[in-house]
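File shown here: target-v8.pdb, holding PDB, C-alpha atoms and all ligand atoms.
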```
ATOM      1  CA  MET A   1     -28.983 -13.541  -9.787  1.00  0.00           C
ATOM      2  CA  SER A   2     -26.563 -12.894  -6.916  1.00  0.00           C
ATOM      3  CA  PRO A   3     -28.159 -12.289  -3.522  1.00  0.00           C
ATOM      4  CA  ARG A   4     -28.382  -8.633  -2.560  1.00  0.00           C
ATOM      5  CA  ILE A   5     -26.121  -9.184   0.435  1.00  0.00           C
ATOM      6  CA  ALA A   6     -22.408  -8.589   0.988  1.00  0.00           C
ATOM      7  CA  LEU A   7     -20.321  -9.634   3.947  1.00  0.00           C
ATOM      8  CA  GLY A   8     -17.834  -7.662   6.034  1.00  0.00           C
ATOM      9  CA  LEU A   9     -15.293  -9.046   8.506  1.00  0.00           C
ATOM     10  CA  VAL A  10     -14.377  -6.242  10.901  1.00  0.00           C
ATOM     11  CA  HIS A  11     -10.887  -6.141  12.426  1.00  0.00           C
ATOM     12  CA  HIS A  12     -11.291  -2.620  13.823  1.00  0.00           C
ATOM     13  CA  PRO A  13     -13.057  -1.390  15.839  1.00  0.00           C
ATOM     14  CA  VAL A  14     -13.668  -4.597  17.785  1.00  0.00           C
ATOM     15  CA  VAL A  15     -13.360  -5.353  21.501  1.00  0.00           C
ATOM     16  CA  ASP A  16     -11.008  -7.595  23.441  1.00  0.00           C
ATOM     17  CA  ARG A  17     -11.753  -9.821  26.452  1.00  0.00           C
ATOM     18  CA  GLN A  18     -11.736  -6.768  28.737  1.00  0.00           C
ATOM     19  CA  GLY A  19     -14.005  -4.779  26.431  1.00  0.00           C
ATOM     20  CA  ALA A  20     -11.205  -2.468  25.279  1.00  0.00           C
ATOM     21  CA  THR A  21     -11.210  -1.226  21.691  1.00  0.00           C
ATOM     22  CA  VAL A  22      -8.642  -3.120  19.651  1.00  0.00           C
ATOM     23  CA  ALA A  23      -7.606  -3.942  16.114  1.00  0.00           C
ATOM     24  CA  THR A  24      -7.082  -7.629  15.409  1.00  0.00           C
ATOM     25  CA  ASN A  25      -4.829  -9.268  12.860  1.00  0.00           C
ATOM     26  CA  VAL A  26      -6.276 -10.853   9.755  1.00  0.00           C
ATOM     27  CA  THR A  27      -5.935 -14.631   9.779  1.00  0.00           C
ATOM     28  CA  ASN A  28      -5.336 -16.842   6.792  1.00  0.00           C
ATOM     29  CA  TYR A  29      -8.187 -19.122   7.851  1.00  0.00           C
ATOM     30  CA  ASP A  30     -10.667 -16.248   7.873  1.00  0.00           C
ATOM     31  CA  ILE A  31      -9.606 -15.176   4.385  1.00  0.00           C
ATOM     32  CA  HIS A  32      -9.983 -18.630   2.837  1.00  0.00           C
ATOM     33  CA  ASP A  33     -12.802 -20.226   4.810  1.00  0.00           C
ATOM     34  CA  ILE A  34     -15.147 -17.243   4.691  1.00  0.00           C
ATOM     35  CA  ALA A  35     -14.414 -16.638   1.004  1.00  0.00           C
ATOM     36  CA  ARG A  36     -15.394 -20.246   0.299  1.00  0.00           C
ATOM     37  CA  ALA A  37     -18.623 -19.878   2.254  1.00  0.00           C
ATOM     38  CA  CYS A  38     -19.388 -16.729   0.241  1.00  0.00           C
ATOM     39  CA  GLN A  39     -18.801 -18.646  -2.997  1.00  0.00           C
ATOM     40  CA  VAL A  40     -21.066 -21.483  -1.879  1.00  0.00           C
ATOM     41  CA  PHE A  41     -23.948 -19.059  -1.273  1.00  0.00           C
ATOM     42  CA  GLY A  42     -23.297 -16.711  -4.185  1.00  0.00           C
ATOM     43  CA  VAL A  43     -22.138 -13.751  -2.106  1.00  0.00           C
ATOM     44  CA  THR A  44     -19.998 -11.734  -4.522  1.00  0.00           C
ATOM     45  CA  ASN A  45     -18.426  -9.226  -2.115  1.00  0.00           C
ATOM     46  CA  TYR A  46     -16.530 -10.249   1.026  1.00  0.00           C
ATOM     47  CA  TYR A  47     -14.903  -7.208   2.591  1.00  0.00           C
ATOM     48  CA  ILE A  48     -11.921  -7.724   4.866  1.00  0.00           C
ATOM     49  CA  ILE A  49     -12.006  -4.540   6.916  1.00  0.00           C
ATOM     50  CA  THR A  50      -8.851  -3.236   8.587  1.00  0.00           C
ATOM     51  CA  PRO A  51      -7.094   0.164   8.691  1.00  0.00           C
ATOM     52  CA  MET A  52      -3.716  -1.475   9.347  1.00  0.00           C
ATOM     53  CA  LYS A  53      -1.440  -1.143   6.310  1.00  0.00           C
ATOM     54  CA  GLU A  54       0.624  -4.212   7.148  1.00  0.00           C
ATOM     55  CA  GLN A  55      -2.556  -6.276   7.428  1.00  0.00           C
ATOM     56  CA  LEU A  56      -3.815  -4.980   4.086  1.00  0.00           C
ATOM     57  CA  SER A  57      -0.431  -5.926   2.581  1.00  0.00           C
ATOM     58  CA  PHE A  58      -0.709  -9.405   4.112  1.00  0.00           C
ATOM     59  CA  VAL A  59      -4.088  -9.983   2.455  1.00  0.00           C
ATOM     60  CA  ALA A  60      -2.762  -8.611  -0.844  1.00  0.00           C
ATOM     61  CA  ARG A  61       0.139 -11.100  -0.696  1.00  0.00           C
ATOM     62  CA  VAL A  62      -2.214 -13.997   0.013  1.00  0.00           C
ATOM     63  CA  LEU A  63      -4.472 -13.013  -2.896  1.00  0.00           C
ATOM     64  CA  GLU A  64      -1.489 -12.528  -5.212  1.00  0.00           C
ATOM     65  CA  HIS A  65      -0.102 -15.962  -4.318  1.00  0.00           C
ATOM     66  CA  TRP A  66      -3.355 -17.732  -5.187  1.00  0.00           C
ATOM     67  CA  ASN A  67      -4.458 -15.481  -8.061  1.00  0.00           C
ATOM     68  CA  ILE A  68      -1.277 -15.098 -10.076  1.00  0.00           C
ATOM     69  CA  GLY A  69       1.549 -16.683  -8.135  1.00  0.00           C
ATOM     70  CA  TYR A  70       2.576 -20.291  -7.534  1.00  0.00           C
ATOM     71  CA  GLY A  71      -0.765 -21.056  -5.900  1.00  0.00           C
ATOM     72  CA  SER A  72      -2.698 -20.202  -9.070  1.00  0.00           C
ATOM     73  CA  LYS A  73      -0.942 -23.051 -10.857  1.00  0.00           C
ATOM     74  CA  PHE A  74      -0.772 -25.359  -7.867  1.00  0.00           C
ATOM     75  CA  ASN A  75      -4.473 -25.069  -7.070  1.00  0.00           C
ATOM     76  CA  PRO A  76      -6.647 -23.065  -9.525  1.00  0.00           C
ATOM     77  CA  MET A  77      -9.749 -23.986  -7.498  1.00  0.00           C
ATOM     78  CA  ARG A  78      -8.526 -21.802  -4.661  1.00  0.00           C
ATOM     79  CA  ARG A  79      -8.364 -18.843  -7.054  1.00  0.00           C
ATOM     80  CA  THR A  80     -12.102 -19.234  -7.656  1.00  0.00           C
ATOM     81  CA  ALA A  81     -12.778 -19.446  -3.944  1.00  0.00           C
ATOM     82  CA  LEU A  82     -10.995 -16.154  -3.283  1.00  0.00           C
ATOM     83  CA  ALA A  83     -12.850 -14.185  -5.962  1.00  0.00           C
ATOM     84  CA  PRO A  84     -15.242 -12.443  -3.481  1.00  0.00           C
ATOM     85  CA  VAL A  85     -12.394 -11.069  -1.321  1.00  0.00           C
ATOM     86  CA  LYS A  86     -11.904  -7.288  -1.233  1.00  0.00           C
ATOM     87  CA  THR A  87      -9.955  -5.214   1.303  1.00  0.00           C
ATOM     88  CA  VAL A  88     -11.119  -1.879   2.699  1.00  0.00           C
ATOM     89  CA  GLU A  89      -9.909   0.287   5.549  1.00  0.00           C
ATOM     90  CA  SER A  90     -13.237   0.860   7.295  1.00  0.00           C
ATOM     91  CA  VAL A  91     -16.885  -0.143   7.517  1.00  0.00           C
ATOM     92  CA  GLU A  92     -17.791   3.116   5.774  1.00  0.00           C
ATOM     93  CA  ALA A  93     -15.448   2.261   2.882  1.00  0.00           C
ATOM     94  CA  ALA A  94     -17.138  -1.121   2.544  1.00  0.00           C
ATOM     95  CA  ILE A  95     -20.568   0.561   2.469  1.00  0.00           C
ATOM     96  CA  LEU A  96     -19.472   3.020  -0.216  1.00  0.00           C
ATOM     97  CA  ASP A  97     -17.907   0.271  -2.316  1.00  0.00           C
ATOM     98  CA  TRP A  98     -20.913  -2.050  -2.007  1.00  0.00           C
ATOM     99  CA  ASP A  99     -23.900   0.357  -1.995  1.00  0.00           C
ATOM    100  CA  PRO A 100     -24.113   3.701  -0.169  1.00  0.00           C
ATOM    101  CA  ASN A 101     -27.779   2.930   0.502  1.00  0.00           C
ATOM    102  CA  THR A 102     -27.210  -0.561   1.840  1.00  0.00           C
ATOM    103  CA  CYS A 103     -28.848  -1.711   5.053  1.00  0.00           C
ATOM    104  CA  VAL A 104     -26.060  -2.539   7.515  1.00  0.00           C
ATOM    105  CA  VAL A 105     -26.763  -5.643   9.616  1.00  0.00           C
ATOM    106  CA  GLY A 106     -24.590  -6.482  12.613  1.00  0.00           C
ATOM    107  CA  THR A 107     -24.090  -9.840  14.309  1.00  0.00           C
ATOM    108  CA  SER A 108     -23.190 -10.862  17.835  1.00  0.00           C
ATOM    109  CA  ALA A 109     -23.275 -13.918  20.054  1.00  0.00           C
ATOM    110  CA  ARG A 110     -24.948 -11.727  22.679  1.00  0.00           C
ATOM    111  CA  GLU A 111     -28.350 -10.035  22.591  1.00  0.00           C
ATOM    112  CA  VAL A 112     -27.457  -6.455  21.665  1.00  0.00           C
ATOM    113  CA  SER A 113     -29.681  -3.527  20.627  1.00  0.00           C
ATOM    114  CA  ILE A 114     -32.907  -5.441  21.136  1.00  0.00           C
ATOM    115  CA  ASP A 115     -34.868  -2.719  19.333  1.00  0.00           C
ATOM    116  CA  LYS A 116     -32.831  -3.324  16.148  1.00  0.00           C
ATOM    117  CA  THR A 117     -32.859  -7.116  16.293  1.00  0.00           C
ATOM    118  CA  ILE A 118     -34.126  -8.994  13.240  1.00  0.00           C
ATOM    119  CA  GLY A 119     -34.740 -12.738  13.099  1.00  0.00           C
ATOM    120  CA  PHE A 120     -33.201 -15.045  10.519  1.00  0.00           C
ATOM    121  CA  ASN A 121     -36.571 -15.805   8.918  1.00  0.00           C
ATOM    122  CA  GLU A 122     -37.530 -12.129   8.706  1.00  0.00           C
ATOM    123  CA  LEU A 123     -34.232 -11.196   7.005  1.00  0.00           C
ATOM    124  CA  LYS A 124     -34.504 -14.217   4.701  1.00  0.00           C
ATOM    125  CA  VAL A 125     -37.940 -12.990   3.576  1.00  0.00           C
ATOM    126  CA  LYS A 126     -36.534  -9.495   2.912  1.00  0.00           C
ATOM    127  CA  LEU A 127     -33.666 -10.983   0.892  1.00  0.00           C
ATOM    128  CA  ASN A 128     -36.039 -13.054  -1.230  1.00  0.00           C
ATOM    129  CA  LYS A 129     -38.511 -10.251  -1.785  1.00  0.00           C
ATOM    130  CA  GLU A 130     -38.226  -8.461  -5.098  1.00  0.00           C
ATOM    131  CA  GLY A 131     -36.620  -5.083  -4.768  1.00  0.00           C
ATOM    132  CA  GLN A 132     -33.444  -3.081  -4.860  1.00  0.00           C
ATOM    133  CA  GLN A 133     -32.555  -2.986  -1.171  1.00  0.00           C
ATOM    134  CA  THR A 134     -29.120  -4.451  -0.482  1.00  0.00           C
ATOM    135  CA  TYR A 135     -27.645  -5.597   2.818  1.00  0.00           C
ATOM    136  CA  LEU A 136     -24.148  -5.627   4.314  1.00  0.00           C
ATOM    137  CA  LEU A 137     -23.769  -8.318   6.978  1.00  0.00           C
ATOM    138  CA  LEU A 138     -20.966  -7.477   9.433  1.00  0.00           C
ATOM    139  CA  PHE A 139     -19.108 -10.020  11.536  1.00  0.00           C
ATOM    140  CA  GLY A 140     -16.605  -9.210  14.245  1.00  0.00           C
ATOM    141  CA  THR A 141     -13.273 -10.634  15.300  1.00  0.00           C
ATOM    142  CA  GLY A 142     -11.704 -10.685  18.714  1.00  0.00           C
ATOM    143  CA  PHE A 143     -14.509 -10.594  21.261  1.00  0.00           C
ATOM    144  CA  GLY A 144     -17.013  -9.008  18.952  1.00  0.00           C
ATOM    145  CA  LEU A 145     -18.024  -5.831  17.167  1.00  0.00           C
ATOM    146  CA  HIS A 146     -17.390  -2.535  18.958  1.00  0.00           C
ATOM    147  CA  GLU A 147     -20.538  -0.752  20.123  1.00  0.00           C
ATOM    148  CA  SER A 148     -19.891   2.039  17.601  1.00  0.00           C
ATOM    149  CA  VAL A 149     -20.254  -0.531  14.810  1.00  0.00           C
ATOM    150  CA  ILE A 150     -23.475  -1.894  16.336  1.00  0.00           C
ATOM    151  CA  GLU A 151     -24.747   1.704  16.530  1.00  0.00           C
ATOM    152  CA  ARG A 152     -23.937   2.168  12.804  1.00  0.00           C
ATOM    153  CA  CYS A 153     -26.078  -0.867  11.984  1.00  0.00           C
ATOM    154  CA  GLN A 154     -29.732  -0.391  11.031  1.00  0.00           C
ATOM    155  CA  LEU A 155     -30.379  -3.983  12.097  1.00  0.00           C
ATOM    156  CA  VAL A 156     -28.708  -6.643  14.255  1.00  0.00           C
ATOM    157  CA  LEU A 157     -29.266 -10.270  13.305  1.00  0.00           C
ATOM    158  CA  GLU A 158     -30.479 -12.435  16.172  1.00  0.00           C
ATOM    159  CA  PRO A 159     -27.688 -14.519  17.744  1.00  0.00           C
ATOM    160  CA  ILE A 160     -27.157 -18.159  16.856  1.00  0.00           C
ATOM    161  CA  ARG A 161     -28.381 -19.623  20.128  1.00  0.00           C
ATOM    162  CA  GLY A 162     -26.870 -22.671  21.793  1.00  0.00           C
ATOM    163  CA  ARG A 163     -28.710 -25.782  22.814  1.00  0.00           C
ATOM    164  CA  MET A 164     -30.341 -25.449  26.201  1.00  0.00           C
ATOM    165  CA  PRO A 165     -29.581 -25.586  29.061  1.00  0.00           C
ATOM    166  CA  LYS A 166     -26.005 -24.409  28.397  1.00  0.00           C
ATOM    167  CA  ASP A 167     -26.806 -22.082  25.466  1.00  0.00           C
ATOM    168  CA  TYR A 168     -23.073 -21.976  24.659  1.00  0.00           C
ATOM    169  CA  ARG A 169     -22.731 -19.526  21.774  1.00  0.00           C
ATOM    170  CA  HIS A 170     -19.049 -18.684  21.370  1.00  0.00           C
ATOM    171  CA  LEU A 171     -18.609 -19.780  17.759  1.00  0.00           C
ATOM    172  CA  SER A 172     -15.589 -18.970  15.661  1.00  0.00           C
ATOM    173  CA  VAL A 173     -16.449 -16.266  13.170  1.00  0.00           C
ATOM    174  CA  ARG A 174     -15.945 -18.758  10.352  1.00  0.00           C
ATOM    175  CA  SER A 175     -18.571 -21.091  11.817  1.00  0.00           C
ATOM    176  CA  ALA A 176     -20.929 -18.199  12.515  1.00  0.00           C
ATOM    177  CA  VAL A 177     -20.645 -16.960   8.920  1.00  0.00           C
ATOM    178  CA  SER A 178     -21.430 -20.384   7.488  1.00  0.00           C
ATOM    179  CA  ILE A 179     -24.447 -20.886   9.727  1.00  0.00           C
ATOM    180  CA  CYS A 180     -25.803 -17.382   9.003  1.00  0.00           C
ATOM    181  CA  LEU A 181     -25.362 -17.671   5.234  1.00  0.00           C
ATOM    182  CA  ASP A 182     -26.981 -21.106   5.175  1.00  0.00           C
ATOM    183  CA  ARG A 183     -29.972 -19.867   7.188  1.00  0.00           C
ATOM    184  CA  LEU A 184     -30.360 -16.756   5.019  1.00  0.00           C
ATOM    185  CA  LEU A 185     -29.444 -18.048   1.558  1.00  0.00           C
ATOM    186  CA  GLY A 186     -29.363 -21.824   1.747  1.00  0.00           C
ATOM    187  CA  THR A 187     -31.820 -23.968  -0.165  1.00  0.00           C
ATOM    188  CA  TRP A 188     -32.486 -27.160   1.795  1.00  0.00           C
TER     189      TRP A 188
HETATM  190  N1  LIG B 201     -18.494 -12.747  22.360  1.00  0.00           N
HETATM  191  C1  LIG B 201     -18.384 -12.318  20.983  1.00  0.00           C
HETATM  192  C2  LIG B 201     -19.733 -11.796  20.493  1.00  0.00           C
HETATM  193  O1  LIG B 201     -20.570 -11.527  21.343  1.00  0.00           O
HETATM  194  O2  LIG B 201     -19.919 -11.659  19.294  1.00  0.00           O
HETATM  195  C3  LIG B 201     -17.934 -13.507  20.126  1.00  0.00           C
HETATM  196  C4  LIG B 201     -16.932 -13.096  19.092  1.00  0.00           C
HETATM  197  S1  LIG B 201     -16.674 -14.337  17.917  1.00  0.00           S
HETATM  198  C5  LIG B 201     -15.126 -14.976  18.257  1.00  0.00           C
HETATM  199  C6  LIG B 201     -16.454 -13.325  16.517  1.00  0.00           C
HETATM  200  C7  LIG B 201     -17.709 -13.012  15.729  1.00  0.00           C
HETATM  201  O3  LIG B 201     -18.354 -14.190  15.301  1.00  0.00           O
HETATM  202  C8  LIG B 201     -18.778 -12.213  16.433  1.00  0.00           C
HETATM  203  O4  LIG B 201     -18.447 -10.830  16.409  1.00  0.00           O
HETATM  204  C9  LIG B 201     -19.978 -12.495  15.580  1.00  0.00           C
HETATM  205  O5  LIG B 201     -19.909 -11.735  14.390  1.00  0.00           O
HETATM  206  C10 LIG B 201     -19.776 -13.965  15.233  1.00  0.00           C
HETATM  207  N2  LIG B 201     -20.411 -14.874  16.163  1.00  0.00           N
HETATM  208  C11 LIG B 201     -19.806 -15.737  17.013  1.00  0.00           C
HETATM  209  N3  LIG B 201     -20.712 -16.467  17.693  1.00  0.00           N
HETATM  210  C12 LIG B 201     -21.930 -16.057  17.252  1.00  0.00           C
HETATM  211  C13 LIG B 201     -23.269 -16.409  17.575  1.00  0.00           C
HETATM  212  N4  LIG B 201     -23.545 -17.358  18.501  1.00  0.00           N
HETATM  213  N5  LIG B 201     -24.273 -15.767  16.938  1.00  0.00           N
HETATM  214  C14 LIG B 201     -23.999 -14.829  15.997  1.00  0.00           C
HETATM  215  N6  LIG B 201     -22.760 -14.433  15.648  1.00  0.00           N
HETATM  216  C15 LIG B 201     -21.733 -15.042  16.275  1.00  0.00           C
END
```
As structure tokens, the full file:
Amino acid sequence: MSPRIALGLVHHPVVDRQGATVATNVTNYDIHDIARACQVFGVTNYYIITPMKEQLSFVARVLEHWNIGYGSKFNPMRRTALAPVKTVESVEAAILDWDPNTCVVGTSAREVSIDKTIGFNELKVKLNKEGQQTYLLLFGTGFGLHESVIERCQLVLEPIRGRMPKDYRHLSVRSAVSICLDRLLGTW
């Protein structure tokens, strides 16, 4: 049975280095690498979230190339890897497409919204417990999720902490996704 968790990669609203609200471009690496991680852990829905029409067209072209175009013949394995990928224009659209009653879980390298923070083990227990509750795990781009997205979340997953004493945490979103999915869904 597929895990009751979907993944969203938010390209707007996110913040830039100065904390301004921006929209980031979708990158090829994020499409492929995160889709593969979703496949490894059985996540069936990977939402690429952007309101920008040209970015939505870019993702559609990438998917077309690997699903029906030259890529589908050149490397059929990649077609499988991209199966979870869906594009939506907003977090709300992802929620409606996945499950209007889903529990939205944010992520950040920083401690945000302490009162909504949930640990990896606690969320793993919830995911493994029988029941109907689903979860949508949101990752940011740029310098992280905008505060309005964090406010929309019912929960915020604890950060992946760095090794002391530096506690360096600035992972690429691709690395952060893989670590989070392995901690929540991995069997090791
Ligand atoms: N300073 C940003 C922050 O606080 O999230 C880092 C942005 S990082 C380039 C893009 C995304 O990867 C973040 O929005 C978050 O979803 C995820 N991410 C990166 N490092 C993380 C960490 N140490 N713990 C949890 N998520 C992380």
Carefully work through the PyMOL selection byres (((chain A and resi 41-51) around 10) and not hetatm) for this structure and note down the residues it includes, as a ChimeraX atom specification. /A:1-13,23-26,30-31,34-40,52-56,59,82-95,97-98,136-138,140,178,181-182,184-187
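What separates atom CA of A:Arg152 from atom C8 of ligand LIG 201 (chain B) is a distance of 15.7 Å.
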May I ask for the distance between atom CA of A:Phe58 and atom CA of A:Thr141, given in Å to one decimal place? 16.9 Å
Close residues to ligand LIG 201 (chain B) using all atoms listed in the file, limit 9 Å, as JSON, numbers by chain: {"A": [9, 10, 14, 15, 17, 106, 107, 108, 109, 110, 111, 112, 138, 139, 140, 141, 142, 143, 144, 145, 146, 157, 158, 159, 160, 161, 162, 168, 169, 170, 171, 172, 173, 174, 175, 176, 177, 179, 180]}
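One distance worth recording is that between atom CA of A:Pro100 and atom CA of A:Asn28, which is 28.7 Å.
Residues matched by the PyMOL selection byres (((chain A and resi 119) around 9) and not hetatm) in this file are Thr117, Ile118, Phe120, Asn121, Glu122, Leu123, Lys124, Val156, Leu157, Glu158 and Pro159 of chain A.
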Skip A:Cys103 itself and residues of its chain fewer than 3 positions away, then list as a PyMOL selection string all residues within 8 Å of it, counting all atoms listed in the file. chain A and resi 133-136+153-155
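Proximity to A:Lys116 was assessed for A:Glu64, A:Thr27, A:Gly131, A:Glu151 counting only C-alpha atoms; the smallest distance is recorded for A:Glu151.
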Around all the atoms of stretch 102-111 of chain A listed in the file, with 4 Å of room on each side, what axis-aligned box do you get, giving centre and edge lengths in Å to one decimal, as lines of an AutoDock Vina configuration file?
```
center_x = -26.0
center_y = -7.2
center_z = 12.3
size_x = 13.7
size_y = 21.4
size_z = 28.8
```
